[in-house]
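I have placed the structure first, in the form of structure tokens, so that the comments after it can refer back to it.
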Amino acid sequence: PFEKGRRHTMTVTLPVPSALSGLAFWNYNKTREDTCRGAKSITIICDGNAIRTATLRPAPGVGPDNRLGSWDFCQVVRFCPVVRTIRSPEARLPSASGVHFDQLWETQHAPSGLLIRLVLHSSLGDDYYIGLDAISVVTKGGRRLYVHPSQVFAIPHSLAILGQRDPRVPGNLVLPGPSPGVGWLAPKAATLVRAQPNQTSENEVVIALDEPIEIQQIRIRNYSKTPSRGVKDISIYLDHVLLYQGILSASDGKASENVIQFHQHGRGGGFSSPRARRSDQDILMVDEGKVRHYARKDPTESSAVTDLDKRPTTGKA
């Protein structure tokens, strides 16, 4: 049990002297609600000498259905940490005179964390599939963070859950290069609930980092091969804390990005993109408890029950 102020220790004794470069950790992962029981701040002591303090990443949270499958969410804490970034002139941070986009909350300034989780609430019209082309994280100085494909996972993982062998897997989301059309595609989670009752009803993409990163921007390229399969409504969490909720623009086939700011920008940050949607919401009119009018801003959305027997096949051209 945890007691505040008390020193909690775990000792590992090696049978012979060994050269070590770091340690691997798997934080407590019983369920998402129980991830708060995991360790956070640690000090590593070797032969009586403190060699590193570190922050451990919260586990992604796995329910009884084990829906993360075989993903290894291990965090490697290196004794000499190195954060790799990629030169990216197009990721320059805008000046304070940039355009401010209205929103109903105050954007956190340069949040820092290790576990980025994107919850994909809806597509741009497709009833069966949802996908993205790319995700990049911009840190200090406008430099894109290098993320290895093995650090990215999705729930559901990909078309593999339908028994299809397809190259559109989560690791593609962090591959360098501006070319659209590779990306990641998966069945919409809600269409799998009937066959797998324990399956979550919303798709998620998880990026697991080994060192705490100060986030200045998150840049997202929507799915371009079939734009209606791109993401519309999205929430972004950092270490299970909600950072952002909003709407993404459809792909125009030119590797354009939706840019979400987390730094001083005009009147306080927010959603910034030449194609950002300032206002897009459903309208519900209620009079004395009765719905009088209901209009959707996006005419491709439908409240009809999806016929899973009509799920179309999909292939990478």
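Chain labels follow the order of the structure tokens: the first chain is A, the next B, and so on; residue numbering restarts at 1 in every chain, and ligands are counted from 1 in their shown order.
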Tell me which protein, DNA and RNA residues are within 9 Å of Ser158 in chain A, counting only C-alpha atoms, leaving out same-chain ones fewer than 5 positions away, and put them as a list in words.
Gln164, Asp166, Arg168, Val169, Pro170, Trp184, Leu185, Ala186 and Pro187 of chain A
Keeping only C-alpha atoms, take the residues you just selected and write them out as a PDB file, in the first residue's frame.
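Result saved to again_2.pdb:
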ATOM      1  CA  GLN A 164      -7.468  -8.982 -43.728  1.00  0.00           C
ATOM      2  CA  ASP A 166      -3.379  -4.907 -45.200  1.00  0.00           C
ATOM      3  CA  ARG A 168      -2.457   0.323 -43.365  1.00  0.00           C
ATOM      4  CA  VAL A 169      -1.324  -0.197 -39.768  1.00  0.00           C
ATOM      5  CA  PRO A 170      -0.920   2.258 -36.833  1.00  0.00           C
ATOM      6  CA  TRP A 184      -3.911   3.714 -41.050  1.00  0.00           C
ATOM      7  CA  LEU A 185      -7.388   2.280 -41.508  1.00  0.00           C
ATOM      8  CA  ALA A 186      -9.543   0.201 -39.167  1.00  0.00           C
ATOM      9  CA  PRO A 187     -13.167  -0.867 -38.866  1.00  0.00           C
TER      10      PRO A 187
END
Contact table range 181-243 of chain A vs range 112-126 of chain A, cut-off 8 Å, shortest pair per residue, only C-alpha atoms, as CSV:
residue,atom,partner,partner_atom,distance
A:Glu202,CA,A:His121,CA,5.9
A:Asn203,CA,A:Leu120,CA,5.2
A:Glu204,CA,A:Val119,CA,4.5
A:Val205,CA,A:Leu118,CA,5.1
A:Val206,CA,A:Arg117,CA,4.5
A:Ile207,CA,A:Ile116,CA,5.1
A:Ala208,CA,A:Leu115,CA,4.8
A:Leu209,CA,A:Leu114,CA,4.9
A:Asp210,CA,A:Leu114,CA,6.6
A:Glu211,CA,A:Leu114,CA,6.3
A:Pro212,CA,A:Gly113,CA,4.8
A:Ile213,CA,A:Ser112,CA,5.2
A:Glu214,CA,A:Ser112,CA,4.3
A:Ile215,CA,A:Ser112,CA,6.1
A:Pro227,CA,A:Leu124,CA,7.3
A:Ser228,CA,A:Leu124,CA,4.7
A:Arg229,CA,A:Asp126,CA,5.2
A:Gly230,CA,A:Ser123,CA,5.5
A:Val231,CA,A:Ser123,CA,4.4
A:Lys232,CA,A:Ser123,CA,5.0
A:Asp233,CA,A:His121,CA,5.2
A:Ile234,CA,A:Leu120,CA,4.8
A:Ser235,CA,A:Val119,CA,5.1
A:Ile236,CA,A:Leu118,CA,4.6
A:Tyr237,CA,A:Arg117,CA,5.0
A:Leu238,CA,A:Ile116,CA,4.7
A:Asp239,CA,A:Leu115,CA,4.9
A:His240,CA,A:Arg117,CA,7.5
Determine the nearest neighbour of Ile86 in chain A from the options A:Ala189, A:Ile247, A:Val137, A:Val182, counting only C-alpha atoms.
A:Val137
So which bits of range 16-239 of chain A end up strand (DSSP E or B) when you DSSP the backbone, as a PyMOL selection string?
chain A and resi 22-25+41-46+49-55+75-78+85-86+112-120+123+129-139+143-145+152-155+184-187+203-214+217-222+231+233-238
Residues near range 17-26 of chain A, cut-off 12 Å, only C-alpha atoms, skip fewer than 6 positions along chain, as a ChimeraX atom specification:
/A:35,38-40,42-47,51-61,71-82,208,210
In Å, how far is it from CA of Ile161 in chain A to CA of Leu175 in chain A?
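A separation of 22.2 Å between them.
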Option closest in space to Lys140 in chain A, from A:Leu159, A:Val83, A:Ala154, A:Val259 [counting only C-alpha atoms]
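Checking each candidate against Lys140 in chain A, we get A:Val83 as the closest.
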